[in-house]
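S.K.: I'd like to ask you about the structure that follows.
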Amino acid sequence: MNAEALGNVQVTWPDGECINVPTLWLRDVCPCEECRIAQTQEKRFHLATLDSVSIETLTVSDDQLCVTWAGGHESQYRRAFLSGDHARATPRWEPWSDDYSPAYVDFKSFQANDSCAETAIEEFLRSGVLILESAPTEEATLELLAKRLGPIREVLFERIHNVKVDPNGYNVAHTNLGLPPHNDFASYSWPPSVQALHMLANEASGGRSTIFDGWGLLEEFRSDEPEAFDVLCRVGVPFREFDKSNETYACEPIIRLNARGELVIFRYSNQLMQVMNPSDPDIAAFYDAYYKLSRRLFDTDKVRRFRLEGGQILIVASHRILHGREAIDDAGCRHLQDAYFEHDNVRNMLTVLARSHD
Ligand SMILES: [Fe+2]
Ligand SMILES: [Zn+2]
């Protein structure tokens, strides 16, 4: 590769605006028919096929840049193409305000009306929560949500999980005990990122649902306790969920960040967390940090509590929002079904909905 390949190209548009772009980038993004697959809009040209890259001539006119490359290939770029961010922006998450309460949307409107679905999904991406009401109370109604949330993300156990008080149940949810804030399937290295909880019937007393803005808490924790936050990003924690015919296990940190330091997964499940090795050199620092964080989770001001009635579906962005349940006093006819979806699919669904009116 010659030295010029590592250089930049400066383009000055007739109105004086100037852009400076890497030469390799400019060659890589050539939009011509030879370099793209017209049918799919995918890239066909591959940089690795070049022995070197250098520019022979460069012409700027009103809104167009023309480049002739050494070797003779010609590229034409529209100005908007060179400066554009081609991804469609979808709403970013926002921490809950003090007076936050979840939005309720009619199930039938959400399913049938695109503009209602669009507004509801935008709200879901911001707050991490949506409650659908007046849904059918038949089993497997959650299958219908694939129209809006994308395909069901299956995990071991059941495709659609049933939660009833059951003396043979494999999980604390099948008892009448209260459930502290958690997310499901911490025992997967990529746990389901959206969870829908559909109440088919609720004639029990007690058992109010609880939700908690986990990422909101983590951002506060990061600024108040940066060292403890860092320990929770670093130390792997074992989680396991199993029964006679299923076994799921993952050893992952409580907090996962992306390369930009943004939150990706808050993994929190007291019930699935396994015994950690006490001779691990990080164990004392981990437990100190984990205790501090867990105490904050029991700050009752931040929990939202409500009774989920028959025909209501609570949907949560489950890498962010923790859910739980108060103890059930009397288990009379309470039946909940759970299914999982993926956050990427929900976000992309919004883009598809928006396309239809753009
Ligand atoms: Fe759960
Ligand atoms: Zn080309």
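By convention in this document, the chains of the structure tokens carry letters A, B, ... by their order, each chain's residues are numbered from 1, and ligands are numbered from 1 in the order they are shown.
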As a VMD selection string, please: every residue in range 25-211 of chain A that DSSP puts in helix (DSSP H, G or I).
M.R.: chain A and resid 25 to 28 47 to 49 79 to 83 107 to 112 114 to 127 141 to 149 172 to 174
S.K.: Suppose we keep N, CA and C atoms; can you now write the selection as a short mmCIF file (atom, residue, chain, number, x, y, z; two decimals), in the first residue's frame?
M.R.:
data_model
loop_
_atom_site.label_atom_id
_atom_site.label_comp_id
_atom_site.auth_asym_id
_atom_site.auth_seq_id
_atom_site.Cartn_x
_atom_site.Cartn_y
_atom_site.Cartn_z
N TRP A 25 -11.45 5.53 2.78
CA TRP A 25 -12.89 5.60 3.02
C TRP A 25 -13.61 5.99 1.73
N LEU A 26 -13.03 7.03 1.06
CA LEU A 26 -13.69 7.55 -0.14
C LEU A 26 -13.76 6.48 -1.23
N ARG A 27 -12.68 5.71 -1.36
CA ARG A 27 -12.69 4.65 -2.36
C ARG A 27 -13.67 3.54 -1.95
N ASP A 28 -13.71 3.25 -0.65
CA ASP A 28 -14.54 2.14 -0.15
C ASP A 28 -16.03 2.39 -0.37
N LEU A 47 -12.07 -3.52 -0.46
CA LEU A 47 -10.80 -2.79 -0.36
C LEU A 47 -9.58 -3.68 -0.52
N ALA A 48 -9.71 -4.91 -0.02
CA ALA A 48 -8.54 -5.80 -0.02
C ALA A 48 -8.08 -6.15 -1.43
N THR A 49 -8.93 -5.86 -2.44
CA THR A 49 -8.52 -6.16 -3.82
C THR A 49 -7.57 -5.09 -4.38
N ARG A 79 -23.15 15.23 -2.71
CA ARG A 79 -22.70 15.88 -1.48
C ARG A 79 -23.41 15.30 -0.26
N ALA A 80 -24.73 15.10 -0.38
CA ALA A 80 -25.50 14.60 0.76
C ALA A 80 -25.04 13.19 1.13
N PHE A 81 -24.63 12.43 0.12
CA PHE A 81 -24.16 11.07 0.38
C PHE A 81 -22.90 11.09 1.24
N LEU A 82 -22.03 12.05 0.96
CA LEU A 82 -20.74 12.10 1.69
C LEU A 82 -20.89 12.59 3.12
N SER A 83 -21.90 13.41 3.35
CA SER A 83 -22.00 13.96 4.70
C SER A 83 -23.07 13.27 5.53
N PHE A 107 -54.59 -2.74 23.43
CA PHE A 107 -53.97 -3.84 22.68
C PHE A 107 -54.40 -3.85 21.21
N LYS A 108 -55.71 -3.73 20.97
CA LYS A 108 -56.19 -3.84 19.58
C LYS A 108 -55.66 -2.68 18.73
N SER A 109 -55.62 -1.49 19.30
CA SER A 109 -55.10 -0.34 18.55
C SER A 109 -53.61 -0.53 18.26
N PHE A 110 -52.89 -1.03 19.24
CA PHE A 110 -51.45 -1.26 19.06
C PHE A 110 -51.20 -2.23 17.91
N GLN A 111 -52.06 -3.24 17.82
CA GLN A 111 -51.87 -4.26 16.79
C GLN A 111 -52.33 -3.77 15.41
N ALA A 112 -53.44 -3.02 15.40
CA ALA A 112 -54.07 -2.72 14.11
C ALA A 112 -53.66 -1.38 13.52
N ASP A 114 -51.04 1.50 12.73
CA ASP A 114 -49.59 1.73 12.64
C ASP A 114 -49.14 2.97 13.39
N SER A 115 -49.95 4.02 13.35
CA SER A 115 -49.46 5.25 14.00
C SER A 115 -49.52 5.10 15.52
N CYS A 116 -50.51 4.36 16.01
CA CYS A 116 -50.56 4.07 17.45
C CYS A 116 -49.35 3.22 17.85
N ALA A 117 -49.02 2.23 17.01
CA ALA A 117 -47.88 1.35 17.32
C ALA A 117 -46.58 2.15 17.33
N GLU A 118 -46.46 3.09 16.37
CA GLU A 118 -45.25 3.89 16.27
C GLU A 118 -45.04 4.73 17.53
N THR A 119 -46.11 5.40 17.96
CA THR A 119 -46.01 6.23 19.17
C THR A 119 -45.69 5.36 20.38
N ALA A 120 -46.33 4.20 20.46
CA ALA A 120 -46.12 3.33 21.61
C ALA A 120 -44.70 2.78 21.64
N ILE A 121 -44.17 2.42 20.47
CA ILE A 121 -42.80 1.88 20.44
C ILE A 121 -41.79 2.98 20.78
N GLU A 122 -42.06 4.20 20.32
CA GLU A 122 -41.16 5.32 20.70
C GLU A 122 -41.14 5.48 22.22
N GLU A 123 -42.30 5.42 22.83
CA GLU A 123 -42.39 5.52 24.30
C GLU A 123 -41.63 4.37 24.95
N PHE A 124 -41.77 3.18 24.38
CA PHE A 124 -41.07 2.01 24.91
C PHE A 124 -39.55 2.18 24.84
N LEU A 125 -39.06 2.74 23.72
CA LEU A 125 -37.61 2.91 23.58
C LEU A 125 -37.08 3.96 24.57
N ARG A 126 -37.90 4.95 24.88
CA ARG A 126 -37.46 5.97 25.84
C ARG A 126 -37.52 5.48 27.28
N SER A 127 -38.66 4.91 27.67
CA SER A 127 -38.86 4.59 29.09
C SER A 127 -38.56 3.13 29.42
N THR A 141 -51.73 -15.65 23.50
CA THR A 141 -51.97 -14.34 22.87
C THR A 141 -50.64 -13.64 22.56
N LEU A 142 -49.62 -13.93 23.35
CA LEU A 142 -48.32 -13.27 23.13
C LEU A 142 -47.75 -13.54 21.74
N GLU A 143 -48.15 -14.65 21.14
CA GLU A 143 -47.69 -14.94 19.77
C GLU A 143 -48.07 -13.80 18.82
N LEU A 144 -49.23 -13.18 19.08
CA LEU A 144 -49.71 -12.12 18.17
C LEU A 144 -48.79 -10.91 18.18
N LEU A 145 -48.04 -10.72 19.26
CA LEU A 145 -47.20 -9.52 19.35
C LEU A 145 -46.01 -9.57 18.40
N ALA A 146 -45.74 -10.73 17.81
CA ALA A 146 -44.64 -10.82 16.83
C ALA A 146 -44.84 -9.80 15.71
N LYS A 147 -46.08 -9.45 15.42
CA LYS A 147 -46.36 -8.46 14.38
C LYS A 147 -45.67 -7.12 14.71
N ARG A 148 -45.59 -6.78 15.97
CA ARG A 148 -45.01 -5.49 16.38
C ARG A 148 -43.62 -5.60 17.00
N LEU A 149 -43.33 -6.73 17.62
CA LEU A 149 -42.08 -6.84 18.37
C LEU A 149 -41.06 -7.74 17.69
N VAL A 172 -38.66 -19.56 41.61
CA VAL A 172 -39.34 -18.89 42.72
C VAL A 172 -40.66 -18.24 42.26
N ALA A 173 -40.75 -17.90 40.97
CA ALA A 173 -42.00 -17.31 40.46
C ALA A 173 -43.18 -18.26 40.61
N HIS A 174 -42.89 -19.57 40.72
CA HIS A 174 -43.97 -20.56 40.86
C HIS A 174 -44.38 -20.78 42.33
#
S.K.: Could you list, as a list of chain:residue names, all the residues within 10 Å of ligand 1, counting only C-alpha atoms and all ligand atoms?
M.R.: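 Those residues are A:Val163, A:Asn171, A:Val172, A:Ala173, A:Leu179, A:Pro180, A:Pro181, A:His182, A:Asn183, A:Asp184, A:Phe185, A:Gln195, A:Leu197, A:Ser269, A:Ser318, A:Leu322, A:His323, A:Gly324, A:Arg325, A:Asp338.
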S.K.: Env of Phe286 in chain A: 10 Å cut, atoms = only C-alpha atoms, seq-sep filter 6 positions within chain, self excluded. Answer as a list of chain:residue names.
M.R.: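 That gives A:Ala228, A:Phe229, A:Asp230, A:Val231, A:Leu232, A:Cys233, A:Arg234, A:Val235, A:Gly236, A:Val237, A:Asp280, A:Lys292.
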S.K.: Store the residues of this selection in a file with N, CA, C and O atoms, as a short mmCIF file (atom, residue, chain, number, x, y, z; two decimals), in the first residue's frame.
M.R.:
data_model
loop_
_atom_site.label_atom_id
_atom_site.label_comp_id
_atom_site.auth_asym_id
_atom_site.auth_seq_id
_atom_site.Cartn_x
_atom_site.Cartn_y
_atom_site.Cartn_z
N ALA A 228 -16.73 1.13 42.51
CA ALA A 228 -17.62 -0.02 42.68
C ALA A 228 -18.28 -0.37 41.34
O ALA A 228 -18.42 -1.55 40.98
N PHE A 229 -18.65 0.66 40.59
CA PHE A 229 -19.25 0.45 39.26
C PHE A 229 -18.30 -0.35 38.38
O PHE A 229 -18.67 -1.33 37.74
N ASP A 230 -17.03 0.05 38.43
CA ASP A 230 -16.02 -0.61 37.60
C ASP A 230 -15.86 -2.09 37.98
O ASP A 230 -15.73 -2.96 37.12
N VAL A 231 -15.90 -2.37 39.28
CA VAL A 231 -15.77 -3.77 39.73
C VAL A 231 -16.93 -4.60 39.17
O VAL A 231 -16.73 -5.73 38.71
N LEU A 232 -18.12 -4.03 39.16
CA LEU A 232 -19.29 -4.77 38.67
C LEU A 232 -19.27 -4.97 37.15
O LEU A 232 -19.97 -5.82 36.62
N CYS A 233 -18.47 -4.15 36.46
CA CYS A 233 -18.30 -4.33 35.01
C CYS A 233 -17.27 -5.43 34.72
O CYS A 233 -17.20 -5.93 33.61
N ARG A 234 -16.47 -5.73 35.69
CA ARG A 234 -15.26 -6.53 35.47
C ARG A 234 -15.38 -7.98 35.96
O ARG A 234 -14.82 -8.89 35.34
N VAL A 235 -16.07 -8.18 37.08
CA VAL A 235 -16.01 -9.50 37.72
C VAL A 235 -17.16 -10.38 37.22
O VAL A 235 -18.33 -10.00 37.30
N GLY A 236 -16.81 -11.55 36.72
CA GLY A 236 -17.82 -12.51 36.24
C GLY A 236 -18.58 -13.12 37.41
O GLY A 236 -18.00 -13.43 38.45
N VAL A 237 -19.89 -13.26 37.24
CA VAL A 237 -20.75 -13.81 38.28
C VAL A 237 -21.50 -15.01 37.67
O VAL A 237 -22.06 -14.88 36.58
N ASP A 280 -11.28 -16.16 45.13
CA ASP A 280 -11.03 -15.26 44.00
C ASP A 280 -10.51 -13.93 44.56
O ASP A 280 -11.11 -13.37 45.48
N LYS A 292 -23.48 -2.51 47.95
CA LYS A 292 -23.85 -1.08 47.78
C LYS A 292 -24.94 -0.92 46.73
O LYS A 292 -25.90 -0.17 46.91
#
S.K.: If we count only C-alpha atoms and set the cut-off at 10 Å, which residues sit around Asp62 in chain A, ignoring sequence neighbours fewer than 6 positions away in its own chain? Please answer as a list in words.
M.R.: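 The filter keeps Trp13, Pro14, Asp15, Arg78 and Arg79 of chain A.
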S.K.: Keeping only N, CA, C and O atoms, write those residues as a PDB file, in the first residue's frame.
M.R.:
ATOM      1  N   TRP A  13     -16.436  22.610  -1.189  1.00  0.00           N
ATOM      2  CA  TRP A  13     -17.620  22.808  -2.032  1.00  0.00           C
ATOM      3  C   TRP A  13     -17.681  24.261  -2.496  1.00  0.00           C
ATOM      4  O   TRP A  13     -17.077  25.135  -1.865  1.00  0.00           O
ATOM      5  N   PRO A  14     -18.389  24.539  -3.595  1.00  0.00           N
ATOM      6  CA  PRO A  14     -18.426  25.910  -4.141  1.00  0.00           C
ATOM      7  C   PRO A  14     -18.852  26.956  -3.103  1.00  0.00           C
ATOM      8  O   PRO A  14     -18.436  28.108  -3.175  1.00  0.00           O
ATOM      9  N   ASP A  15     -19.682  26.572  -2.114  1.00  0.00           N
ATOM     10  CA  ASP A  15     -20.099  27.563  -1.106  1.00  0.00           C
ATOM     11  C   ASP A  15     -19.062  27.734   0.005  1.00  0.00           C
ATOM     12  O   ASP A  15     -19.301  28.442   0.979  1.00  0.00           O
ATOM     13  N   ARG A  78     -22.599  12.212  -4.531  1.00  0.00           N
ATOM     14  CA  ARG A  78     -23.422  13.370  -4.232  1.00  0.00           C
ATOM     15  C   ARG A  78     -23.000  13.924  -2.881  1.00  0.00           C
ATOM     16  O   ARG A  78     -22.581  13.182  -1.987  1.00  0.00           O
ATOM     17  N   ARG A  79     -23.146  15.230  -2.710  1.00  0.00           N
ATOM     18  CA  ARG A  79     -22.695  15.881  -1.479  1.00  0.00           C
ATOM     19  C   ARG A  79     -23.406  15.299  -0.256  1.00  0.00           C
ATOM     20  O   ARG A  79     -22.789  15.004   0.769  1.00  0.00           O
TER      21      ARG A  79
END
S.K.: Check range 20-137 of chain A with DSSP on the backbone and list each residue it calls strand (DSSP E or B), as a PyMOL selection string.
M.R.: chain A and resi 20-22+36-37+42-43+55-61+64-69+74-78+104-106+129-133
S.K.: Within 6 Å of ligand 2, which residues show up when you count only C-alpha atoms and all ligand atoms? List them as a ChimeraX atom specification, please.
M.R.: /A:30-32,34-35,75
S.K.: Could you give me, as a tab-separated table, a per-residue list for range 55-173 of chain A showing, wherever an atom lies at most 7 Å from an atom of range 311-314 of chain A, the closest pair of atoms and their distance in Å to one decimal, using only C-alpha atoms and sorting by chain then residue number from low to high?
M.R.:
residue	atom	partner	partner_atom	distance
A:Leu130	CA	A:Leu314	CA	6.1
A:Ile131	CA	A:Leu314	CA	4.5
A:Leu132	CA	A:Ile313	CA	5.0
A:Glu133	CA	A:Gln312	CA	4.4
A:Ser134	CA	A:Gly311	CA	5.1
A:Ala135	CA	A:Gly311	CA	4.6
A:Pro136	CA	A:Gly311	CA	5.8
A:Thr137	CA	A:Gly311	CA	5.3
S.K.: So that I have them on file, write out the residues from the current selection with C-alpha atoms, as a PDB file, in the first residue's frame.
M.R.:
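Contents of part_36.pdb, as written:
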ATOM      1  CA  LEU A 130     -45.261  -0.306  27.909  1.00  0.00           C
ATOM      2  CA  ILE A 131     -48.515  -1.784  29.212  1.00  0.00           C
ATOM      3  CA  LEU A 132     -51.087  -3.071  26.739  1.00  0.00           C
ATOM      4  CA  GLU A 133     -54.633  -3.372  28.016  1.00  0.00           C
ATOM      5  CA  SER A 134     -57.867  -5.056  26.910  1.00  0.00           C
ATOM      6  CA  ALA A 135     -55.887  -7.899  25.355  1.00  0.00           C
ATOM      7  CA  PRO A 136     -57.553 -11.284  24.831  1.00  0.00           C
ATOM      8  CA  THR A 137     -57.237 -13.540  27.851  1.00  0.00           C
TER       9      THR A 137
END
S.K.: Set the distance at 7 Å and use only C-alpha atoms: which residues neighbour Ile321 in chain A once local chain neighbours fewer than 2 positions away are removed? I'd like the list as a list in words.
M.R.: Gly128, Ile211, Phe212, Asp213, Gly214, Val316, Ala317, Ser318, His319 and His323 of chain A
S.K.: Hey, can you spit out that residue selection with all heavy atoms as an mmCIF file, in the first residue's frame?
M.R.:
data_model
loop_
_atom_site.group_PDB
_atom_site.id
_atom_site.type_symbol
_atom_site.label_atom_id
_atom_site.label_comp_id
_atom_site.auth_asym_id
_atom_site.auth_seq_id
_atom_site.Cartn_x
_atom_site.Cartn_y
_atom_site.Cartn_z
ATOM 1 N N GLY A 128 -38.522 2.268 28.399
ATOM 2 C CA GLY A 128 -38.259 0.842 28.633
ATOM 3 C C GLY A 128 -39.484 0.049 29.055
ATOM 4 O O GLY A 128 -39.358 -1.136 29.383
ATOM 5 N N ILE A 211 -41.787 -2.623 38.914
ATOM 6 C CA ILE A 211 -40.764 -2.381 37.888
ATOM 7 C C ILE A 211 -39.808 -1.307 38.398
ATOM 8 O O ILE A 211 -40.172 -0.473 39.229
ATOM 9 C CB ILE A 211 -41.372 -1.952 36.527
ATOM 10 C CG1 ILE A 211 -42.400 -0.820 36.709
ATOM 11 C CG2 ILE A 211 -42.000 -3.140 35.816
ATOM 12 C CD1 ILE A 211 -42.929 -0.256 35.395
ATOM 13 N N PHE A 212 -38.600 -1.347 37.888
ATOM 14 C CA PHE A 212 -37.516 -0.507 38.409
ATOM 15 C C PHE A 212 -36.606 -0.118 37.243
ATOM 16 O O PHE A 212 -36.239 -0.972 36.430
ATOM 17 C CB PHE A 212 -36.725 -1.345 39.433
ATOM 18 C CG PHE A 212 -35.773 -0.555 40.262
ATOM 19 C CD1 PHE A 212 -36.093 -0.175 41.557
ATOM 20 C CD2 PHE A 212 -34.537 -0.181 39.741
ATOM 21 C CE1 PHE A 212 -35.205 0.570 42.327
ATOM 22 C CE2 PHE A 212 -33.649 0.567 40.499
ATOM 23 C CZ PHE A 212 -33.980 0.933 41.807
ATOM 24 N N ASP A 213 -36.253 1.166 37.157
ATOM 25 C CA ASP A 213 -35.382 1.631 36.068
ATOM 26 C C ASP A 213 -33.921 1.296 36.402
ATOM 27 O O ASP A 213 -33.194 2.106 36.983
ATOM 28 C CB ASP A 213 -35.565 3.143 35.875
ATOM 29 C CG ASP A 213 -34.722 3.679 34.718
ATOM 30 O OD1 ASP A 213 -34.075 2.879 34.008
ATOM 31 O OD2 ASP A 213 -34.724 4.912 34.524
ATOM 32 N N GLY A 214 -33.491 0.113 35.994
ATOM 33 C CA GLY A 214 -32.144 -0.360 36.322
ATOM 34 C C GLY A 214 -31.043 0.536 35.764
ATOM 35 O O GLY A 214 -30.071 0.847 36.453
ATOM 36 N N VAL A 316 -41.354 -5.045 28.992
ATOM 37 C CA VAL A 316 -40.192 -4.320 29.521
ATOM 38 C C VAL A 316 -38.956 -4.577 28.663
ATOM 39 O O VAL A 316 -38.778 -5.670 28.117
ATOM 40 C CB VAL A 316 -39.872 -4.689 30.998
ATOM 41 C CG1 VAL A 316 -40.976 -4.217 31.929
ATOM 42 C CG2 VAL A 316 -39.611 -6.174 31.179
ATOM 43 N N ALA A 317 -38.107 -3.545 28.567
ATOM 44 C CA ALA A 317 -36.788 -3.679 27.941
ATOM 45 C C ALA A 317 -35.914 -4.329 29.015
ATOM 46 O O ALA A 317 -35.411 -3.659 29.914
ATOM 47 C CB ALA A 317 -36.254 -2.302 27.549
ATOM 48 N N SER A 318 -35.764 -5.632 28.928
ATOM 49 C CA SER A 318 -35.316 -6.369 30.107
ATOM 50 C C SER A 318 -33.801 -6.356 30.341
ATOM 51 O O SER A 318 -33.347 -6.844 31.365
ATOM 52 C CB SER A 318 -35.860 -7.801 30.075
ATOM 53 O OG SER A 318 -35.739 -8.346 28.790
ATOM 54 N N HIS A 319 -33.015 -5.770 29.447
ATOM 55 C CA HIS A 319 -31.608 -5.536 29.803
ATOM 56 C C HIS A 319 -31.486 -4.277 30.658
ATOM 57 O O HIS A 319 -30.427 -3.997 31.186
ATOM 58 C CB HIS A 319 -30.737 -5.394 28.554
ATOM 59 C CG HIS A 319 -30.521 -6.693 27.825
ATOM 60 N ND1 HIS A 319 -29.789 -6.784 26.675
ATOM 61 C CD2 HIS A 319 -30.946 -7.955 28.094
ATOM 62 C CE1 HIS A 319 -29.767 -8.047 26.259
ATOM 63 N NE2 HIS A 319 -30.475 -8.766 27.100
ATOM 64 N N HIS A 323 -37.874 -6.292 36.917
ATOM 65 C CA HIS A 323 -39.268 -6.471 37.320
ATOM 66 C C HIS A 323 -39.324 -7.368 38.542
ATOM 67 O O HIS A 323 -38.356 -8.057 38.871
ATOM 68 C CB HIS A 323 -40.105 -7.050 36.174
ATOM 69 C CG HIS A 323 -39.711 -8.448 35.805
ATOM 70 N ND1 HIS A 323 -38.651 -8.720 34.967
ATOM 71 C CD2 HIS A 323 -40.207 -9.653 36.177
ATOM 72 C CE1 HIS A 323 -38.527 -10.029 34.831
ATOM 73 N NE2 HIS A 323 -39.452 -10.629 35.560
#
S.K.: Tell me which of A:Asp99, A:Asp330, A:Glu252, A:Glu17 sits closest to Arg240 in chain A, counting only C-alpha atoms.
M.R.: A:Glu252
S.K.: Quick one, how far is CA of Ala327 in chain A from CA of Asn162 in chain A?
M.R.: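 Between CA of Ala327 in chain A and CA of Asn162 in chain A the gap is 17.6 Å.
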S.K.: Have a look at A:Asn348, A:Val303, A:Glu158, A:Glu203 and name the one nearest to Asp243 in chain A; count only C-alpha atoms.
M.R.: A:Glu158
S.K.: Using only C-alpha atoms, which residue out of A:Asp301, A:Glu94, A:Glu154, A:Glu247 lies closest to Val129 in chain A?
M.R.: A:Glu94
S.K.: May I ask which of the residues A:Asn202, A:Ser193, A:Ser279, A:Ser101 is the closest one to Phe266 in chain A, counting only C-alpha atoms?
M.R.: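 Nearest candidate to Phe266 in chain A out of A:Asn202, A:Ser193, A:Ser279, A:Ser101: A:Ser193.
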S.K.: Rounded to one decimal in Å, what is the spacing between CA of Arg267 in chain A and CA of Ile255 in chain A?
M.R.: 6.3 Å
S.K.: Between A:Leu263, A:Leu272, A:Val11, A:Leu353, which one has atoms that come closest to Val67 in chain A, using only C-alpha atoms?
M.R.: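 Of the candidates, the smallest distance to Val67 in chain A is held by A:Val11.
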S.K.: Provide the CA of Asp344 in chain A to CA of Gly261 in chain A distance in Å, to one decimal place.
M.R.: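 Distance reported for this atom pair: 18.8 Å.
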S.K.: Pick from A:Val21, A:Val194, A:Ile254, A:Leu218: nearest to Ala339 in chain A, with only C-alpha atoms counted?
M.R.: A:Val194
